[in-house]
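Chemist: The structure's right below; bear with me while I get my questions together.
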Amino acid sequence: MTLAVLRGGLSLDSQRRARMEVLKEKVEEEEEAEREEAAERGKKMMRPVEMRREEPPMTQEMLRDLEKKLSEIEIVIPEQPSIITKDTIDISKLPLSYQSNTLKEEHLLEVADNFARQYSHLCPDRVPLFLHPLNECGVPKFVSTTIRPTLMPYPELYNWDSCAQFVSDFLSMVPLPDPLQPPSHLYSSTTVLKHQKGNCFDFSTLLCSMLIGAGYDAYCVNGYGSQDLCHMDLTRDVCPLTMKRKEVVQEEEKVPPKKYTIKPPRDLNSRFEQEQEMKKQEELQGEEERRRKEEEQRLLEVEKAKTDPLHGLRVHSWVLVLSGKREVPESFYIDPFTARSYSTQDDHFLGIESLWNHKNYWVNMQDCWNGCKDLVFDLGDPVRWEYLLLGTDKAPLSVAEEEDDAMNDDDNDDVENLGKEDEDKSFDMPSSWVEQIEISPEAFETRCPNGKKVIQYKRAKLEKWAPYLNSNGLVCRLTTYEDLECTMTLEIKEWFQNREDTLQLRHINKSTGLNIDYFKPGHPQALRVHAYKSMQPEMDRVMEFYETARVDGLIKREETPKTMTEYYRGRSDFLSYRHVDFGDRVKKLALNSAESNPRPMVKITERFSRNPEKPADEDVAERVFLIPEERTQLRYHCRDDHITASRREFLRRTEVDSKGNKIIMTPDMCINFEVEPVEHTKKLLYQYEAMMKLKNEEKLSRHQAWESELEVLEILKLREEEEGAHTLTISIYDTKRNEKSKEYREAMEHVMHEEHLRQVEAQLDYLAPFLAPFPPGEKLTHWQAVQVRDECLSDFKQRLIDKANLIQARFEKETQELQKQQQWYQENQVTLTAEDKAWYLSYYSQAVFRMRILEQRLNRHRELAPLKYLALEEKLHKDPRLVEFLEVFV
């Protein structure tokens with residue numbers, strides 16, 4: 001097995017060596033400067049002997065004062081992150097594959113050592129390969145065998161993003177002991193999952209195992225990353241939840257202008273004033289842009305001042321997903337710490353040493369002077385990627401594609417013979433030594449270690465909790481800040497699960513005081529969105545509803561202290577809009593609540609959709625009730641071939657007839673504008689009927705508006721109760737949290753236990769009473785076995801006789817009792833009342849029934865007794881404790 005000749009040089013390793021030498025020189029210069037400074041301070045502190053003699057001696061009080069000041073000095077030792085060690089792992093409980101290697105694995109380690117020797121000889125400037133680190137038992141294991149492809153039984157873990165998010169949430173990050181070298185130990189994924197912590201290589205191994213099991217072409221990568229990537233520092237990155245999705249604006253098709261159209265009205269606004277206003281807006285925008293650039297420049301200078309002296313030298317591991325499988329269109333990286341995907345051209349990734357999957361191991365032979373931007377991930381190209389084992393699924397490029405077409409036949413034969421020799425030397429990868437990766441439902445639901453995880457972003461903080469950990473169902477909270485120090489809160493977003501009130505998301509804007517609650521379908525009032533600043537009634541609020549869950553088709557309600565607007569959809573009366581204007585409430589001394597003293601309605605405006613069953617001139621488009629003025633305005637729909645619509649206005653007067661119950665209709669009480677006048681609409685009778693109909697509809701509209709006010713009060717009261725209780729729903733399949741399901745399961749277990757005890761009792765030893773006199777454990781003699789058999793049969797025979805006698809005694813007792821009652825009946829038959837006769841007849845029928853049952857039992861017992869006796873005798877002959885003696889006896 002030979003390595004390919006390097007082409008083009010590996011300037012990245014030379015650069016790293018140069019950086020290491022420069023770094024060492026800087027450290028030596030700093031140490032030298034510190035020593036010189038300390039020597040200078042010592043010279044300054046040295047004084048002549050004469051001067052020191054003049055100083056007064058140090059007293060006991062000065063010594064105590066010095067000791068007190070020294071004792072007040074506290075040295076704080078920074079806490080090291082907890083790391084999985086052998087002390088925390090019980091090796092005795094691990095499988096045998098963890099504690100030793102098979103012959104095939106030993107052979108693989110020898111192949112890997114031979115490969116590493118050739119590699120170090122041909123590439124002396126490269127760092128040693130990461131081939132076989134120690135596992136938790138201290139046994140060297142090849143890195144490819146540490147990957148255990150596993151398809152999880154949860155549908156949520158079938159896609160790469162959900163798998164990466166689970167690994168990022170489930171594990172706690174532990175930095176590498178040495179940031180410049182790969183770890184000396186690589187633990188199995190089962191151990192990492194058990195302790196819920198690991199370094200970047202542990203993260204990548206677990207994620208790669210899950211992705212390969214899900215069908216992705218995934219690889220673990222050993223390379224170099226930026227400081228933020230290695231330390232999981234997201235304080236310079238924007239939180240993905242704060243990024244707004246780009247909305248695709250669909251351009252409306254411009255309707256071609258008609259030949260005969262009305263020209264728009266002339267614009268009478270001053271162009272000079274508009275230009276001045278535009279200049280002012282541009283100046284404000286320019287000032288804001290200048291401030292933003294200055295702030296960005298200041299942040300860039302601060303970041304430049306914090307340059308990483310180990311840039312390009314920090315070792316990191318991540319996952320590479322190649323295109324092809326699972327319809328992946330383009331190769332990309334996954335950082336297992338943050339679960340974020342990156343392009344292969346990203347600046348965070350500074351170089352690759354090697355990569356591997358569960359089948360093979362590849363070494364990067366390409367120049368990484370420009371990071372990973374110029375790398376080609378054609379693993380079948382031996383010039384760019386040197387593989388460890390032959391027979392990989394990545395077929396190497398054919399020689400015919402590399403050389404000229406003028407190659408002779410002899411050379412082709414040599415290449416074929418060489419290929420046959422390589423095939424003979426091929427060695428397939430041993431199976432993984434790691435046990436099957438399993439994630440319990442409880443662990444999958446808990447996700448985060450201890451149920452909580454906090455991630456700090458740029459101007460944002462993300463907090464995650466496990467379901468049911470918080471009593472109010474809170475599972476995620478995103479806090480956005482105005483400043484980089486995260487001291488001034490801008491807005492808060494909270495996500496909930498398993499809420500009985502179906503609350504899903506709450507958005508709190510601290511600057512405006514606006515709260516927006518989002519609900520899933522299933523709320524008692526069909527709420528979808530509730531935006532408010534205060535829970536007090538008659539304040540600014542917006543409510544949106546699921547119209548399919550409501551009978552009235554209400555989709556939105558907007559309320560202010562003086563107005564209320566409602567939007568409808570899909571109603572049978574084609575109502576689509578209602579706007580109510582309220583006046584000042586009249587003060588009452590008795591009760592001053594909103595229900596007993598509603599706001600007076602001043603104006604009601606209603607709009608209707610087009611009803612295709614009516615002519616446009618008779619289909620009302622807008623209806624306005626001016627309540628104090630007792631006027632009603634109607635506007636009808638416009639016909640397609642018209643440019644104006646008909647209008648009608650009714651004015652109701654308080655005049656009545658002599659009887660006082662009818663309104664006197666006059667022509668001036670109805671003002672009409674009709675596009676195409678019709679004769680019957682001018683008649684007073686038609687106008688009177690229309691006005692009376694509008695009067696009833698006004699009452700109905702006022703009543704519906706009043707009901708809407710009451711509904712708002714009811715919703716607010718319900719929301720206060722829900723927020724106070726914040727009850728959580730529990731699935732019937734959650735047997736641990738569902739009390740009813742738990743009680744039912746315990747009752748079923750109790751019944752099954754009792755049934756088991758009954759079966760055990762039924763299987764009791766029938767020879768135990770007769771074997772009790774003999775010493776336990778000793779074999780019986782021939783005459784003892786015969787004695788036990790005879791005693792058992794005689795005892796059983798006596799029991800059968802006793803049972804027959806008992807049934808016979810009961811039968812005779814019932815017969816005697818019946819004869820006594822018959823004699824009593826015959827003697828007193830003349831003087832008996834109807835009730836006594838009825839009692840006697842009832843007793844007689846029951847007595848006859850009992851006697852018949854006893855007779856049937858006795859006959860059945862007589863038939864079955866001989867059969868039971870013979871069955872017991874046969875059972876005794878087959879009993880293993882008596883069989884050998886009884887056979888001899890026979």
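Identifiers for the structure tokens are assigned positionally: chains receive A, B, ... in sequence, residues are indexed from 1 per chain, and ligands are indexed from 1 in the order shown.
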Select from stretch 183-313 of chain A everything DSSP, run on the backbone, classes as strand (DSSP E), then give the selection as a list in words.
Modeler: Lys197, Gly198, Ala218, Tyr219, Cys220, Val221, Asn222, Gly223, Tyr224 and Gly225 of chain A
Chemist: Quick one: everything within 9 Å of A:Lys453, counting only C-alpha atoms, minus sequence neighbours fewer than 5 positions away in the same chain. Send it as a VMD selection string.
Modeler: chain A and resid 169 172 448 462 to 465
Chemist: With distances taken over only C-alpha atoms, which residue among A:Ile262, A:Met173, A:Leu490, A:Leu870 lies nearest A:Ile643?
Modeler: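 The shortest atom-to-atom distance to A:Ile643 comes from A:Ile262.
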Chemist: As a short mmCIF file (atom, residue, chain, number, x, y, z; two decimals) with N, CA, C and O atoms, in the first residue's frame, list the residues of stretch 582-772 of chain A assigned to helix (DSSP H, G or I) by DSSP on the backbone atoms of this structure.
Modeler:
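Result file is result02.cif:
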data_model
loop_
_atom_site.label_atom_id
_atom_site.label_comp_id
_atom_site.auth_asym_id
_atom_site.auth_seq_id
_atom_site.Cartn_x
_atom_site.Cartn_y
_atom_site.Cartn_z
N PRO A 667 -93.09 62.27 1.11
CA PRO A 667 -92.07 62.13 0.05
C PRO A 667 -90.70 62.65 0.46
O PRO A 667 -89.68 62.15 -0.03
N ASP A 668 -90.64 63.65 1.36
CA ASP A 668 -89.34 64.20 1.71
C ASP A 668 -88.59 63.32 2.72
O ASP A 668 -87.47 63.65 3.11
N MET A 669 -89.18 62.21 3.16
CA MET A 669 -88.50 61.33 4.11
C MET A 669 -87.60 60.32 3.40
O MET A 669 -86.88 59.57 4.05
N GLU A 679 -90.24 52.84 -11.89
CA GLU A 679 -91.47 53.50 -11.47
C GLU A 679 -91.90 53.08 -10.07
O GLU A 679 -92.31 53.90 -9.25
N HIS A 680 -91.78 51.79 -9.75
CA HIS A 680 -92.35 51.32 -8.48
C HIS A 680 -91.52 51.79 -7.27
O HIS A 680 -92.01 51.83 -6.15
N THR A 681 -90.26 52.18 -7.49
CA THR A 681 -89.46 52.64 -6.36
C THR A 681 -89.84 54.04 -5.92
O THR A 681 -89.44 54.47 -4.83
N LYS A 682 -90.61 54.75 -6.73
CA LYS A 682 -91.01 56.11 -6.36
C LYS A 682 -92.29 56.12 -5.53
O LYS A 682 -92.68 57.16 -4.99
N LEU A 684 -94.84 55.68 -2.44
CA LEU A 684 -94.64 55.82 -1.00
C LEU A 684 -94.76 54.48 -0.27
O LEU A 684 -94.12 54.26 0.74
N LEU A 685 -95.61 53.61 -0.76
CA LEU A 685 -95.76 52.31 -0.12
C LEU A 685 -94.46 51.52 -0.15
O LEU A 685 -94.05 50.92 0.86
N TYR A 686 -93.79 51.53 -1.30
CA TYR A 686 -92.51 50.82 -1.42
C TYR A 686 -91.46 51.42 -0.48
O TYR A 686 -90.74 50.71 0.22
N GLN A 687 -91.44 52.75 -0.45
CA GLN A 687 -90.49 53.42 0.42
C GLN A 687 -90.81 53.18 1.90
O GLN A 687 -89.91 53.00 2.72
N TYR A 688 -92.10 53.14 2.23
CA TYR A 688 -92.50 52.90 3.62
C TYR A 688 -92.10 51.49 4.07
O TYR A 688 -91.57 51.29 5.15
N GLU A 689 -92.36 50.51 3.19
CA GLU A 689 -91.98 49.14 3.55
C GLU A 689 -90.46 49.00 3.69
O GLU A 689 -89.97 48.31 4.59
N ALA A 690 -89.71 49.66 2.80
CA ALA A 690 -88.25 49.59 2.89
C ALA A 690 -87.75 50.25 4.18
O ALA A 690 -86.83 49.74 4.84
N MET A 691 -88.39 51.39 4.58
CA MET A 691 -87.96 52.07 5.80
C MET A 691 -88.28 51.23 7.04
O MET A 691 -87.47 51.14 7.97
N MET A 692 -89.46 50.58 7.08
CA MET A 692 -89.80 49.74 8.22
C MET A 692 -88.87 48.52 8.30
O MET A 692 -88.49 48.08 9.39
N LYS A 693 -88.49 47.99 7.15
CA LYS A 693 -87.54 46.87 7.13
C LYS A 693 -86.18 47.31 7.65
O LYS A 693 -85.53 46.60 8.44
N LEU A 694 -85.75 48.50 7.26
CA LEU A 694 -84.48 49.02 7.76
C LEU A 694 -84.53 49.29 9.25
O LEU A 694 -83.53 49.14 9.96
N LYS A 695 -85.70 49.69 9.75
CA LYS A 695 -85.84 49.92 11.19
C LYS A 695 -85.61 48.62 11.96
O LYS A 695 -84.91 48.61 12.98
N ASN A 696 -86.16 47.52 11.49
CA ASN A 696 -85.95 46.23 12.15
C ASN A 696 -84.50 45.77 12.02
O ASN A 696 -83.92 45.20 12.96
N GLU A 697 -83.92 46.01 10.84
CA GLU A 697 -82.52 45.62 10.66
C GLU A 697 -81.59 46.46 11.52
O GLU A 697 -80.56 45.97 11.99
N GLU A 698 -81.96 47.70 11.77
CA GLU A 698 -81.15 48.53 12.68
C GLU A 698 -81.17 47.96 14.10
O GLU A 698 -80.15 47.91 14.78
N LYS A 699 -82.36 47.55 14.54
CA LYS A 699 -82.44 46.94 15.87
C LYS A 699 -81.58 45.67 15.93
O LYS A 699 -80.88 45.43 16.93
N LEU A 700 -81.64 44.87 14.86
CA LEU A 700 -80.85 43.65 14.84
C LEU A 700 -79.35 43.97 14.84
O LEU A 700 -78.58 43.31 15.57
N SER A 701 -78.93 44.97 14.10
CA SER A 701 -77.52 45.34 14.05
C SER A 701 -77.05 45.86 15.41
O SER A 701 -75.94 45.53 15.87
N ARG A 702 -77.87 46.66 16.08
CA ARG A 702 -77.51 47.17 17.41
C ARG A 702 -77.40 46.02 18.41
O ARG A 702 -76.50 46.00 19.25
N HIS A 703 -78.29 45.04 18.29
CA HIS A 703 -78.25 43.90 19.20
C HIS A 703 -76.99 43.06 18.95
O HIS A 703 -76.34 42.60 19.90
N GLN A 704 -76.64 42.85 17.68
CA GLN A 704 -75.44 42.09 17.37
C GLN A 704 -74.17 42.82 17.84
O GLN A 704 -73.23 42.18 18.34
N ALA A 705 -74.15 44.14 17.71
CA ALA A 705 -73.01 44.90 18.21
C ALA A 705 -72.91 44.80 19.73
O ALA A 705 -71.81 44.69 20.30
N TRP A 706 -74.06 44.83 20.40
CA TRP A 706 -74.06 44.68 21.86
C TRP A 706 -73.58 43.28 22.26
O TRP A 706 -72.82 43.12 23.22
N GLU A 707 -73.98 42.26 21.51
CA GLU A 707 -73.50 40.91 21.77
C GLU A 707 -71.99 40.80 21.54
O GLU A 707 -71.29 40.07 22.25
N SER A 708 -71.49 41.53 20.56
CA SER A 708 -70.04 41.52 20.32
C SER A 708 -69.30 42.12 21.51
O SER A 708 -68.23 41.63 21.91
N GLU A 709 -69.85 43.19 22.08
CA GLU A 709 -69.22 43.76 23.29
C GLU A 709 -69.21 42.75 24.43
O GLU A 709 -68.20 42.60 25.13
N LEU A 710 -70.33 42.07 24.63
CA LEU A 710 -70.37 41.06 25.69
C LEU A 710 -69.39 39.91 25.41
O LEU A 710 -68.78 39.37 26.34
N GLU A 711 -69.24 39.56 24.15
CA GLU A 711 -68.31 38.49 23.80
C GLU A 711 -66.88 38.89 24.12
O GLU A 711 -66.07 38.08 24.59
N VAL A 712 -66.55 40.17 23.86
CA VAL A 712 -65.20 40.65 24.20
C VAL A 712 -64.96 40.54 25.70
O VAL A 712 -63.89 40.09 26.15
N LEU A 713 -65.95 40.95 26.50
CA LEU A 713 -65.82 40.83 27.95
C LEU A 713 -65.66 39.37 28.37
O LEU A 713 -64.86 39.05 29.27
N GLU A 714 -66.40 38.49 27.74
CA GLU A 714 -66.31 37.07 28.07
C GLU A 714 -64.95 36.50 27.70
O GLU A 714 -64.36 35.72 28.47
N ILE A 715 -64.41 36.91 26.56
CA ILE A 715 -63.10 36.42 26.14
C ILE A 715 -62.02 36.92 27.09
O ILE A 715 -61.12 36.17 27.50
N LEU A 716 -62.09 38.19 27.49
CA LEU A 716 -61.09 38.73 28.42
C LEU A 716 -61.15 38.02 29.76
O LEU A 716 -60.12 37.72 30.37
N LYS A 717 -62.36 37.76 30.23
CA LYS A 717 -62.50 37.04 31.49
C LYS A 717 -61.95 35.62 31.38
O LYS A 717 -61.26 35.12 32.29
N LEU A 718 -62.22 34.96 30.26
CA LEU A 718 -61.71 33.61 30.03
C LEU A 718 -60.19 33.61 29.96
O LEU A 718 -59.54 32.71 30.51
N ARG A 719 -59.61 34.62 29.29
CA ARG A 719 -58.16 34.68 29.17
C ARG A 719 -57.50 34.90 30.53
O ARG A 719 -56.43 34.33 30.81
N GLU A 720 -58.11 35.70 31.39
CA GLU A 720 -57.56 35.89 32.73
C GLU A 720 -57.58 34.58 33.52
O GLU A 720 -56.62 34.24 34.22
N GLU A 721 -58.66 33.83 33.40
CA GLU A 721 -58.74 32.54 34.09
C GLU A 721 -57.71 31.56 33.53
O GLU A 721 -57.08 30.82 34.29
N GLU A 722 -57.53 31.54 32.21
CA GLU A 722 -56.57 30.63 31.60
C GLU A 722 -55.14 30.98 32.01
O GLU A 722 -54.33 30.09 32.26
N GLU A 723 -54.82 32.28 32.06
CA GLU A 723 -53.48 32.68 32.46
C GLU A 723 -53.24 32.39 33.93
O GLU A 723 -52.11 32.11 34.34
N GLY A 724 -54.29 32.47 34.75
CA GLY A 724 -54.13 32.16 36.17
C GLY A 724 -53.96 30.68 36.42
O GLY A 724 -53.18 30.27 37.29
N ALA A 725 -54.65 29.85 35.64
CA ALA A 725 -54.57 28.40 35.84
C ALA A 725 -53.45 27.77 35.03
O ALA A 725 -52.77 26.86 35.48
N GLU A 739 -52.88 10.66 34.89
CA GLU A 739 -53.29 9.98 36.12
C GLU A 739 -54.36 8.92 35.84
O GLU A 739 -54.33 7.83 36.40
N LYS A 740 -55.33 9.26 34.99
CA LYS A 740 -56.39 8.30 34.70
C LYS A 740 -55.83 7.06 34.03
O LYS A 740 -56.18 5.92 34.39
N SER A 741 -54.95 7.26 33.06
CA SER A 741 -54.34 6.11 32.39
C SER A 741 -53.48 5.32 33.36
O SER A 741 -53.44 4.09 33.32
N LYS A 742 -52.80 6.03 34.28
CA LYS A 742 -51.97 5.34 35.26
C LYS A 742 -52.82 4.50 36.20
O LYS A 742 -52.47 3.36 36.52
N GLU A 743 -53.94 5.07 36.67
CA GLU A 743 -54.83 4.31 37.55
C GLU A 743 -55.40 3.09 36.84
O GLU A 743 -55.50 2.00 37.42
N TYR A 744 -55.80 3.26 35.58
CA TYR A 744 -56.33 2.13 34.82
C TYR A 744 -55.28 1.05 34.65
O TYR A 744 -55.56 -0.15 34.79
N ARG A 745 -54.04 1.46 34.34
CA ARG A 745 -52.97 0.47 34.18
C ARG A 745 -52.70 -0.26 35.49
O ARG A 745 -52.49 -1.48 35.50
N GLU A 746 -52.67 0.48 36.60
CA GLU A 746 -52.43 -0.17 37.89
C GLU A 746 -53.57 -1.13 38.24
O GLU A 746 -53.32 -2.21 38.81
N ALA A 747 -54.81 -0.76 37.92
CA ALA A 747 -55.94 -1.66 38.18
C ALA A 747 -55.82 -2.93 37.36
O ALA A 747 -56.06 -4.05 37.86
N MET A 748 -55.42 -2.79 36.08
CA MET A 748 -55.25 -3.97 35.24
C MET A 748 -54.11 -4.85 35.77
O MET A 748 -54.21 -6.08 35.77
N GLU A 749 -53.03 -4.23 36.22
CA GLU A 749 -51.93 -5.01 36.78
C GLU A 749 -52.38 -5.74 38.04
O GLU A 749 -51.96 -6.89 38.28
N HIS A 750 -53.21 -5.08 38.87
CA HIS A 750 -53.70 -5.74 40.08
C HIS A 750 -54.58 -6.94 39.73
O HIS A 750 -54.46 -8.02 40.37
N VAL A 751 -55.43 -6.80 38.73
CA VAL A 751 -56.28 -7.91 38.30
C VAL A 751 -55.43 -9.07 37.77
O VAL A 751 -55.68 -10.25 38.09
N MET A 752 -54.42 -8.74 36.98
CA MET A 752 -53.55 -9.78 36.44
C MET A 752 -52.78 -10.47 37.57
O MET A 752 -52.56 -11.69 37.53
N HIS A 753 -52.38 -9.70 38.58
CA HIS A 753 -51.67 -10.31 39.70
C HIS A 753 -52.57 -11.27 40.47
O HIS A 753 -52.13 -12.38 40.85
N GLU A 754 -53.80 -10.85 40.69
CA GLU A 754 -54.74 -11.74 41.37
C GLU A 754 -55.01 -13.00 40.56
O GLU A 754 -55.11 -14.09 41.11
N GLU A 755 -55.13 -12.85 39.25
CA GLU A 755 -55.33 -14.02 38.39
C GLU A 755 -54.13 -14.96 38.46
O GLU A 755 -54.28 -16.19 38.49
N HIS A 756 -52.95 -14.38 38.52
CA HIS A 756 -51.75 -15.21 38.64
C HIS A 756 -51.74 -15.96 39.97
O HIS A 756 -51.39 -17.16 40.02
N LEU A 757 -52.10 -15.27 41.06
CA LEU A 757 -52.16 -15.95 42.36
C LEU A 757 -53.19 -17.07 42.36
O LEU A 757 -52.96 -18.15 42.95
N ARG A 758 -54.32 -16.83 41.68
CA ARG A 758 -55.34 -17.86 41.62
C ARG A 758 -54.84 -19.09 40.85
O ARG A 758 -55.09 -20.24 41.25
N GLN A 759 -54.11 -18.83 39.76
CA GLN A 759 -53.55 -19.96 39.02
C GLN A 759 -52.50 -20.70 39.82
O GLN A 759 -52.40 -21.94 39.74
N VAL A 760 -51.72 -19.95 40.60
CA VAL A 760 -50.72 -20.61 41.44
C VAL A 760 -51.39 -21.47 42.50
O VAL A 760 -50.96 -22.60 42.78
N GLU A 761 -52.46 -20.93 43.08
CA GLU A 761 -53.18 -21.72 44.08
C GLU A 761 -53.81 -22.97 43.45
O GLU A 761 -53.88 -24.03 44.08
N ALA A 762 -54.27 -22.82 42.21
CA ALA A 762 -54.88 -23.99 41.54
C ALA A 762 -53.84 -25.06 41.25
O ALA A 762 -54.17 -26.24 41.11
N ALA A 768 -48.80 -32.76 48.99
CA ALA A 768 -48.08 -32.11 50.09
C ALA A 768 -48.58 -32.54 51.46
O ALA A 768 -47.78 -32.83 52.37
N PRO A 769 -49.91 -32.65 51.72
CA PRO A 769 -50.34 -33.08 53.07
C PRO A 769 -49.91 -34.50 53.42
O PRO A 769 -49.68 -34.80 54.60
N PHE A 770 -49.77 -35.35 52.42
CA PHE A 770 -49.44 -36.75 52.69
C PHE A 770 -47.94 -36.99 52.74
O PHE A 770 -47.49 -38.00 53.28
N LEU A 771 -47.16 -36.05 52.15
CA LEU A 771 -45.70 -36.16 52.22
C LEU A 771 -45.12 -35.41 53.40
O LEU A 771 -43.90 -35.46 53.61
#
Chemist: Leaving out A:His231 and any residue of its chain fewer than 2 positions from it, which residues lie within 10 Å of it when counting only C-alpha atoms, given as an MDAnalysis selection string?
Modeler: chainID A and resid 173:176 179 200 225:229 233:234 314 316 337
Chemist: Which of these residues is nearest to A:Ser184, using only C-alpha atoms: A:Phe130, A:Tyr844, A:Phe427, A:Tyr216?
Modeler: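 Of A:Phe130, A:Tyr844, A:Phe427, A:Tyr216, the one nearest A:Ser184, counting only C-alpha atoms, is A:Phe130.
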Chemist: In terms of the shortest atom-to-atom distance over only C-alpha atoms, which of A:Glu287, A:Ile89, A:Asn597, A:Tyr119 is closest to A:Met365?
Modeler: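 Counting only C-alpha atoms, the residue closest to A:Met365 is A:Tyr119.
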Chemist: When distances are computed from only C-alpha atoms, which of A:Ser162, A:Gln504, A:Ser270, A:Thr560 shows the smallest separation from A:Ser341?
Modeler: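 Of A:Ser162, A:Gln504, A:Ser270, A:Thr560, the one nearest A:Ser341 is A:Ser162, counting only C-alpha atoms.
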Chemist: Using only C-alpha atoms, can you tell me which of A:Leu728, A:Leu478, A:Val315, A:Met152 comes closest to A:Asp501?
Modeler: A:Leu728
